[in-house]
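Engineer: Quick one: structure below, then a few questions.
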Amino acid sequence: MFDRFTDEARQVIVDAHEVARELRSGSIGTGELLVALLDHAAADVWLAEPLGALGVGATDLAAGVRQAILAGDGLDAPALASLGIDLAAVRRKADAVFGKGALGSARGRAVGGHVPFTAGAKQSLELALREASALRSGAIDVRHLMLGVLDGKDGTARELLGQALLTSGEAGVTDPDQRVDALRRLLTQLRPAG
Amino acid sequence: MEDGDELADEAAGEDPAEGLRAVRALRELAERLEVLQVHRARELGWSWEQIAGSLGVSRQAAHKKHRRL
């Protein structure tokens, strides 16, 4: 699937892998892809310019998204409730026995070498492929990846980016969704490279 | 948070997507509790033999999975 990726886009995938390790995510989701893209943005003309629409620097945003990923502990309370498990109760018990926040800090600790893509991330990669075709680009580059990540059905990357915008401390960021939409528009308006 | 009973109904409705999501959530929770419990047991001086026995796995499997703790 990666044979049509540009070298830069491939590097983003490799970096997302590293981000997942760094954040102990246990898997590469759209959030980890987003962090890798933001890390990459400063050095990439195709991303740096559209990202200007967000009004906050890519480095600050990457830090914000990292924090947002770490803050959410990745446990699926509603799904556990469907089995009759009260996650809040388990959390209270874990806090009491192992110390506060123990359940969150145990995230991804036992994970070995393989870090898989989540279903959401896989879907975003497929979307990137489609975006590239729609924009009549032969190769899949970082712009297409960013579009695929932002349009992901699970909405994780969009939500994380919104949170990072709100916590950036930048005055006047009241509607992060609007800014993300503006970013999306700019990404699709760019001419294909070459 | 979504209503627990409602979700239980969905699970009973045999929608694989909901059922599989629940399995995944349960596995993640179990993994984390295992990490915390094994770590604590080691701190309390348990041997890998004892830990593996309680978990119902081989000593090698327990050690391989948790030795970095």
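Scheme for the structure tokens: letters A, B, ... for chains in order shown; per-chain residue numbers from 1; ligand numbers from 1 in order shown.
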Show me, as a ChimeraX atom specification, the residues that have an atom within 9 Å of segment 25-37 of chain B when counting only C-alpha atoms, minus same-chain residues fewer than 6 positions from it.
Structural biologist: /A:74-77,79-80,83,85,87,94,98,102-110 /B:55,66,69
Engineer: For the selection you just gave me, I'd like the residues written to a file as a compact mmCIF listing (two decimals), in the first residue's frame, keeping all heavy atoms.
Structural biologist:
# COMPACT_ATOMS: atom_id res chain seq x y z
N GLY A 74 -7.46 6.06 26.88
CA GLY A 74 -7.67 5.01 25.89
C GLY A 74 -8.56 3.86 26.33
O GLY A 74 -8.68 2.88 25.61
N LEU A 75 -9.16 3.99 27.50
CA LEU A 75 -10.07 2.92 27.93
C LEU A 75 -11.49 3.28 27.50
O LEU A 75 -11.91 4.43 27.61
CB LEU A 75 -9.99 2.72 29.45
CG LEU A 75 -8.71 2.02 29.91
CD1 LEU A 75 -8.52 2.18 31.41
CD2 LEU A 75 -8.74 0.55 29.54
N ASP A 76 -12.21 2.29 27.00
CA ASP A 76 -13.51 2.50 26.37
C ASP A 76 -14.63 2.23 27.38
O ASP A 76 -15.16 1.12 27.45
CB ASP A 76 -13.60 1.55 25.16
CG ASP A 76 -14.78 1.87 24.27
OD1 ASP A 76 -15.69 2.58 24.71
OD2 ASP A 76 -14.79 1.38 23.13
N ALA A 77 -14.99 3.27 28.14
CA ALA A 77 -15.98 3.09 29.22
C ALA A 77 -17.35 2.60 28.72
O ALA A 77 -17.91 1.67 29.31
CB ALA A 77 -16.13 4.40 30.01
N ALA A 79 -18.12 0.80 26.09
CA ALA A 79 -18.06 -0.60 25.65
C ALA A 79 -17.97 -1.52 26.86
O ALA A 79 -18.56 -2.60 26.87
CB ALA A 79 -16.86 -0.81 24.73
N LEU A 80 -17.21 -1.09 27.89
CA LEU A 80 -17.10 -1.91 29.09
C LEU A 80 -18.46 -1.96 29.83
O LEU A 80 -18.84 -2.99 30.37
CB LEU A 80 -16.01 -1.36 30.02
CG LEU A 80 -14.58 -1.56 29.49
CD1 LEU A 80 -13.58 -0.73 30.28
CD2 LEU A 80 -14.20 -3.04 29.55
N LEU A 83 -20.83 -4.60 28.94
CA LEU A 83 -20.58 -5.91 29.54
C LEU A 83 -20.89 -5.90 31.04
O LEU A 83 -20.64 -6.88 31.74
CB LEU A 83 -19.12 -6.32 29.33
CG LEU A 83 -18.66 -6.46 27.89
CD1 LEU A 83 -17.15 -6.61 27.82
CD2 LEU A 83 -19.33 -7.65 27.23
N ILE A 85 -19.48 -3.76 33.14
CA ILE A 85 -18.30 -3.35 33.92
C ILE A 85 -18.31 -1.83 34.11
O ILE A 85 -18.40 -1.08 33.14
CB ILE A 85 -17.00 -3.78 33.21
CG1 ILE A 85 -16.93 -5.30 33.15
CG2 ILE A 85 -15.78 -3.22 33.93
CD1 ILE A 85 -15.87 -5.83 32.23
N LEU A 87 -16.32 1.11 34.68
CA LEU A 87 -14.91 1.52 34.61
C LEU A 87 -14.54 2.49 35.73
O LEU A 87 -13.44 2.42 36.28
CB LEU A 87 -14.61 2.16 33.24
CG LEU A 87 -13.16 2.64 33.04
CD1 LEU A 87 -12.16 1.50 33.22
CD2 LEU A 87 -12.98 3.27 31.66
N ALA A 94 -8.28 0.69 41.44
CA ALA A 94 -6.88 0.70 40.99
C ALA A 94 -6.13 1.86 41.63
O ALA A 94 -4.97 1.71 42.05
CB ALA A 94 -6.82 0.80 39.47
N PHE A 98 -2.94 0.79 43.65
CA PHE A 98 -1.67 1.02 42.94
C PHE A 98 -1.22 2.48 42.92
O PHE A 98 -0.16 2.80 42.40
CB PHE A 98 -1.79 0.54 41.48
CG PHE A 98 -2.26 -0.88 41.35
CD1 PHE A 98 -3.53 -1.16 40.88
CD2 PHE A 98 -1.43 -1.93 41.73
CE1 PHE A 98 -3.97 -2.46 40.76
CE2 PHE A 98 -1.87 -3.24 41.61
CZ PHE A 98 -3.14 -3.50 41.13
N ALA A 102 -3.05 5.09 38.19
CA ALA A 102 -2.29 3.87 37.85
C ALA A 102 -2.79 3.23 36.55
O ALA A 102 -2.00 2.82 35.71
CB ALA A 102 -2.38 2.87 38.99
N LEU A 103 -4.11 3.20 36.40
CA LEU A 103 -4.69 2.52 35.24
C LEU A 103 -4.24 3.20 33.94
O LEU A 103 -3.97 2.54 32.94
CB LEU A 103 -6.22 2.53 35.35
CG LEU A 103 -6.99 1.33 34.86
CD1 LEU A 103 -6.40 0.03 35.35
CD2 LEU A 103 -8.45 1.44 35.28
N GLY A 104 -4.17 4.52 33.99
CA GLY A 104 -3.71 5.27 32.81
C GLY A 104 -2.24 5.05 32.55
O GLY A 104 -1.81 4.89 31.41
N SER A 105 -1.44 4.99 33.63
CA SER A 105 0.01 4.88 33.46
C SER A 105 0.43 3.47 33.01
O SER A 105 1.53 3.28 32.53
CB SER A 105 0.73 5.25 34.75
OG SER A 105 0.56 4.23 35.71
N ALA A 106 -0.47 2.51 33.16
CA ALA A 106 -0.16 1.14 32.75
C ALA A 106 -0.37 0.95 31.26
O ALA A 106 -0.10 -0.12 30.71
CB ALA A 106 -1.04 0.14 33.51
N ARG A 107 -0.80 1.99 30.60
CA ARG A 107 -1.09 1.93 29.18
C ARG A 107 0.13 1.48 28.36
O ARG A 107 1.21 2.05 28.47
CB ARG A 107 -1.50 3.32 28.74
CG ARG A 107 -1.75 3.47 27.28
CD ARG A 107 -2.10 4.91 27.02
NE ARG A 107 -2.57 5.03 25.68
CZ ARG A 107 -3.37 5.99 25.26
NH1 ARG A 107 -3.79 6.89 26.09
NH2 ARG A 107 -3.75 6.03 24.02
N GLY A 108 -0.08 0.48 27.54
CA GLY A 108 0.96 0.06 26.59
C GLY A 108 2.26 -0.42 27.20
O GLY A 108 3.24 -0.58 26.49
N ARG A 109 2.29 -0.68 28.52
CA ARG A 109 3.56 -1.02 29.15
C ARG A 109 4.05 -2.41 28.77
O ARG A 109 5.25 -2.65 28.71
CB ARG A 109 3.42 -0.94 30.68
CG ARG A 109 3.46 0.48 31.17
CD ARG A 109 4.63 0.72 32.09
NE ARG A 109 4.57 -0.05 33.30
CZ ARG A 109 4.09 0.43 34.44
NH1 ARG A 109 3.62 1.64 34.52
NH2 ARG A 109 4.09 -0.32 35.51
N ALA A 110 3.10 -3.33 28.52
CA ALA A 110 3.50 -4.70 28.24
C ALA A 110 3.61 -4.96 26.74
O ALA A 110 3.83 -6.08 26.32
CB ALA A 110 2.51 -5.68 28.87
N LEU B 55 -1.41 -16.64 37.19
CA LEU B 55 -1.99 -16.17 35.93
C LEU B 55 -2.41 -17.32 35.03
O LEU B 55 -3.11 -17.12 34.03
CB LEU B 55 -0.97 -15.30 35.17
CG LEU B 55 -0.78 -13.85 35.64
CD1 LEU B 55 0.37 -13.20 34.88
CD2 LEU B 55 -2.05 -13.03 35.44
N HIS B 66 6.68 -9.56 30.90
CA HIS B 66 6.75 -8.53 31.94
C HIS B 66 8.14 -8.21 32.44
O HIS B 66 8.29 -7.42 33.36
CB HIS B 66 5.88 -8.96 33.14
CG HIS B 66 4.43 -9.05 32.81
ND1 HIS B 66 3.66 -7.92 32.58
CD2 HIS B 66 3.60 -10.09 32.65
CE1 HIS B 66 2.40 -8.29 32.32
NE2 HIS B 66 2.35 -9.61 32.34
N LEU B 69 9.37 -4.66 33.42
CA LEU B 69 8.74 -3.88 34.49
C LEU B 69 9.75 -3.54 35.58
O LEU B 69 10.59 -4.33 35.90
CB LEU B 69 7.58 -4.65 35.12
CG LEU B 69 6.37 -4.87 34.24
CD1 LEU B 69 5.30 -5.62 35.00
CD2 LEU B 69 5.81 -3.53 33.75
Engineer: Mind giving me the straight-line distance from atom CA of Val35 of chain A to atom CA of Ala16 of chain A in Å, one decimal?
Structural biologist: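 Going from atom CA of Val35 of chain A over to atom CA of Ala16 of chain A, I get 7.2 Å.
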Engineer: Would you please work out which residue, of B:Ala17, B:Ala52, B:Leu44, B:Ala22, is nearest to chain A when using only C-alpha atoms?
Structural biologist: B:Ala22
Engineer: To one decimal place, how far is atom CA of Thr167 of chain A from atom CA of Leu33 of chain A in Å?
Structural biologist: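 Between atom CA of Thr167 of chain A and atom CA of Leu33 of chain A the gap is 19.9 Å.
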Engineer: By how many Å are atom CA of Gly99 of chain A and atom CA of Val65 of chain A apart?
Structural biologist: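 Separating atom CA of Gly99 of chain A from atom CA of Val65 of chain A is a distance of 25.8 Å.
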Engineer: I want to know what sits within 8 Å of Ala128 of chain A, based on only C-alpha atoms, with residues of the same chain fewer than 6 positions away left out; could you give that as a ChimeraX atom specification?
Structural biologist: /A:140,144-149
Engineer: I need the residues in segment 63-102 of chain A that are helix (DSSP H, G or I) according to DSSP; give them as a PDB file with C-alpha atoms, in the first residue's frame.
Structural biologist:
ATOM      1  CA  ALA A  63       2.924  19.407  21.806  1.00  0.00           C
ATOM      2  CA  GLY A  64      -0.764  20.069  22.480  1.00  0.00           C
ATOM      3  CA  VAL A  65      -1.901  16.966  20.615  1.00  0.00           C
ATOM      4  CA  ARG A  66       0.711  14.852  22.442  1.00  0.00           C
ATOM      5  CA  GLN A  67      -0.696  16.099  25.728  1.00  0.00           C
ATOM      6  CA  ALA A  68      -4.280  15.464  24.631  1.00  0.00           C
ATOM      7  CA  ILE A  69      -3.393  11.878  23.653  1.00  0.00           C
ATOM      8  CA  LEU A  70      -1.731  11.285  27.004  1.00  0.00           C
ATOM      9  CA  ALA A  71      -4.686  12.821  28.884  1.00  0.00           C
ATOM     10  CA  ALA A  77     -15.984   3.094  29.218  1.00  0.00           C
ATOM     11  CA  PRO A  78     -19.218   2.692  27.191  1.00  0.00           C
ATOM     12  CA  ALA A  79     -18.055  -0.600  25.653  1.00  0.00           C
ATOM     13  CA  LEU A  80     -17.105  -1.907  29.094  1.00  0.00           C
ATOM     14  CA  ALA A  81     -20.493  -0.771  30.429  1.00  0.00           C
ATOM     15  CA  LEU A  87     -14.910   1.522  34.607  1.00  0.00           C
ATOM     16  CA  ALA A  88     -15.194   4.319  37.161  1.00  0.00           C
ATOM     17  CA  ALA A  89     -15.400   1.705  39.922  1.00  0.00           C
ATOM     18  CA  VAL A  90     -12.407  -0.229  38.537  1.00  0.00           C
ATOM     19  CA  ARG A  91     -10.471   3.025  38.344  1.00  0.00           C
ATOM     20  CA  ARG A  92     -11.254   3.901  41.964  1.00  0.00           C
ATOM     21  CA  LYS A  93     -10.077   0.495  43.081  1.00  0.00           C
ATOM     22  CA  ALA A  94      -6.880   0.699  40.992  1.00  0.00           C
ATOM     23  CA  ASP A  95      -6.167   4.181  42.382  1.00  0.00           C
ATOM     24  CA  ALA A  96      -6.535   2.829  45.924  1.00  0.00           C
ATOM     25  CA  VAL A  97      -4.293  -0.219  45.427  1.00  0.00           C
ATOM     26  CA  PHE A  98      -1.667   1.019  42.940  1.00  0.00           C
ATOM     27  CA  ALA A 102      -2.293   3.871  37.850  1.00  0.00           C
TER      28      ALA A 102
END
Engineer: Could you check which of A:Leu165, A:Ala62, A:Ala43, A:Ala119 is closest to chain B, using only C-alpha atoms?
Structural biologist: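 Residue with the minimum atom-to-atom distance to chain B: A:Ala119.
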Engineer: Which of these residues is nearest to chain A, using only C-alpha atoms: B:Glu49, B:Arg68, B:Pro16, B:Arg42?
Structural biologist: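 Looking at the shortest contact to chain A, the residue is B:Arg68.
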Engineer: Rank B:Ile51, B:Val23, B:Ala41, B:Val57 by their smallest atom-to-atom distance to chain A, using only C-alpha atoms, and report the top residue only.
Structural biologist: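 Nearest to chain A: B:Val23.
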Engineer: Give me, as a PyMOL selection string, all polymer residues having an atom no more than 7 Å from Ala36 of chain A, counting only C-alpha atoms and skipping those fewer than 2 positions away in the same chain.
Structural biologist: chain A and resi 12+15-16+19+32-34+38-40
Engineer: Limited to all heavy atoms, could you put the picked residues into a file as a PDB file, in the first residue's frame?
Structural biologist:
ATOM      1  N   VAL A  12       6.703  10.072   7.464  1.00  0.00           N
ATOM      2  CA  VAL A  12       5.661  10.403   8.440  1.00  0.00           C
ATOM      3  C   VAL A  12       5.115   9.125   9.082  1.00  0.00           C
ATOM      4  O   VAL A  12       4.881   9.072  10.287  1.00  0.00           O
ATOM      5  CB  VAL A  12       4.517  11.225   7.778  1.00  0.00           C
ATOM      6  CG1 VAL A  12       3.299  11.296   8.685  1.00  0.00           C
ATOM      7  CG2 VAL A  12       5.005  12.634   7.456  1.00  0.00           C
ATOM      8  N   ASP A  15       7.633   7.900  11.491  1.00  0.00           N
ATOM      9  CA  ASP A  15       7.622   8.757  12.674  1.00  0.00           C
ATOM     10  C   ASP A  15       6.410   8.486  13.564  1.00  0.00           C
ATOM     11  O   ASP A  15       6.509   8.539  14.795  1.00  0.00           O
ATOM     12  CB  ASP A  15       7.629  10.241  12.262  1.00  0.00           C
ATOM     13  CG  ASP A  15       8.955  10.640  11.619  1.00  0.00           C
ATOM     14  OD1 ASP A  15       9.910   9.839  11.701  1.00  0.00           O
ATOM     15  OD2 ASP A  15       9.031  11.734  11.036  1.00  0.00           O
ATOM     16  N   ALA A  16       5.253   8.217  12.922  1.00  0.00           N
ATOM     17  CA  ALA A  16       4.032   7.939  13.688  1.00  0.00           C
ATOM     18  C   ALA A  16       4.246   6.705  14.560  1.00  0.00           C
ATOM     19  O   ALA A  16       3.748   6.620  15.693  1.00  0.00           O
ATOM     20  CB  ALA A  16       2.850   7.738  12.746  1.00  0.00           C
ATOM     21  N   VAL A  19       6.127   7.865  17.487  1.00  0.00           N
ATOM     22  CA  VAL A  19       5.241   8.628  18.379  1.00  0.00           C
ATOM     23  C   VAL A  19       4.422   7.664  19.235  1.00  0.00           C
ATOM     24  O   VAL A  19       4.252   7.873  20.443  1.00  0.00           O
ATOM     25  CB  VAL A  19       4.307   9.557  17.565  1.00  0.00           C
ATOM     26  CG1 VAL A  19       3.235  10.178  18.454  1.00  0.00           C
ATOM     27  CG2 VAL A  19       5.110  10.659  16.884  1.00  0.00           C
ATOM     28  N   GLU A  32      -1.716   9.661  16.481  1.00  0.00           N
ATOM     29  CA  GLU A  32      -0.267   9.507  16.334  1.00  0.00           C
ATOM     30  C   GLU A  32       0.180   9.980  14.950  1.00  0.00           C
ATOM     31  O   GLU A  32       1.235  10.597  14.805  1.00  0.00           O
ATOM     32  CB  GLU A  32       0.152   8.054  16.566  1.00  0.00           C
ATOM     33  CG  GLU A  32       0.108   7.601  18.036  1.00  0.00           C
ATOM     34  CD  GLU A  32      -1.297   7.407  18.569  1.00  0.00           C
ATOM     35  OE1 GLU A  32      -2.216   7.238  17.736  1.00  0.00           O
ATOM     36  OE2 GLU A  32      -1.489   7.442  19.795  1.00  0.00           O
ATOM     37  N   LEU A  33      -0.654   9.680  13.929  1.00  0.00           N
ATOM     38  CA  LEU A  33      -0.351  10.168  12.582  1.00  0.00           C
ATOM     39  C   LEU A  33      -0.360  11.695  12.550  1.00  0.00           C
ATOM     40  O   LEU A  33       0.497  12.328  11.939  1.00  0.00           O
ATOM     41  CB  LEU A  33      -1.375   9.623  11.571  1.00  0.00           C
ATOM     42  CG  LEU A  33      -1.225   8.150  11.172  1.00  0.00           C
ATOM     43  CD1 LEU A  33      -2.433   7.691  10.365  1.00  0.00           C
ATOM     44  CD2 LEU A  33       0.042   7.946  10.354  1.00  0.00           C
ATOM     45  N   LEU A  34      -1.339  12.274  13.242  1.00  0.00           N
ATOM     46  CA  LEU A  34      -1.454  13.733  13.281  1.00  0.00           C
ATOM     47  C   LEU A  34      -0.204  14.350  13.910  1.00  0.00           C
ATOM     48  O   LEU A  34       0.340  15.335  13.391  1.00  0.00           O
ATOM     49  CB  LEU A  34      -2.707  14.131  14.076  1.00  0.00           C
ATOM     50  CG  LEU A  34      -2.947  15.623  14.267  1.00  0.00           C
ATOM     51  CD1 LEU A  34      -3.155  16.329  12.932  1.00  0.00           C
ATOM     52  CD2 LEU A  34      -4.147  15.872  15.179  1.00  0.00           C
ATOM     53  N   LEU A  38       2.368  16.955  12.152  1.00  0.00           N
ATOM     54  CA  LEU A  38       2.657  18.281  12.704  1.00  0.00           C
ATOM     55  C   LEU A  38       4.160  18.454  12.948  1.00  0.00           C
ATOM     56  O   LEU A  38       4.718  19.518  12.729  1.00  0.00           O
ATOM     57  CB  LEU A  38       1.869  18.503  14.000  1.00  0.00           C
ATOM     58  CG  LEU A  38       0.356  18.668  13.822  1.00  0.00           C
ATOM     59  CD1 LEU A  38      -0.356  18.629  15.170  1.00  0.00           C
ATOM     60  CD2 LEU A  38       0.017  19.956  13.090  1.00  0.00           C
ATOM     61  N   ASP A  39       4.809  17.392  13.423  1.00  0.00           N
ATOM     62  CA  ASP A  39       6.269  17.432  13.619  1.00  0.00           C
ATOM     63  C   ASP A  39       6.980  17.725  12.300  1.00  0.00           C
ATOM     64  O   ASP A  39       8.008  18.386  12.257  1.00  0.00           O
ATOM     65  CB  ASP A  39       6.780  16.083  14.161  1.00  0.00           C
ATOM     66  CG  ASP A  39       6.524  15.922  15.649  1.00  0.00           C
ATOM     67  OD1 ASP A  39       6.226  16.944  16.304  1.00  0.00           O
ATOM     68  OD2 ASP A  39       6.619  14.790  16.150  1.00  0.00           O
ATOM     69  N   HIS A  40       6.408  17.183  11.249  1.00  0.00           N
ATOM     70  CA  HIS A  40       6.996  17.261   9.927  1.00  0.00           C
ATOM     71  C   HIS A  40       6.721  18.614   9.261  1.00  0.00           C
ATOM     72  O   HIS A  40       7.448  19.047   8.364  1.00  0.00           O
ATOM     73  CB  HIS A  40       6.397  16.144   9.069  1.00  0.00           C
ATOM     74  CG  HIS A  40       7.018  15.975   7.733  1.00  0.00           C
ATOM     75  ND1 HIS A  40       8.222  15.349   7.560  1.00  0.00           N
ATOM     76  CD2 HIS A  40       6.610  16.373   6.507  1.00  0.00           C
ATOM     77  CE1 HIS A  40       8.524  15.363   6.271  1.00  0.00           C
ATOM     78  NE2 HIS A  40       7.576  15.970   5.620  1.00  0.00           N
TER      79      HIS A  40
END
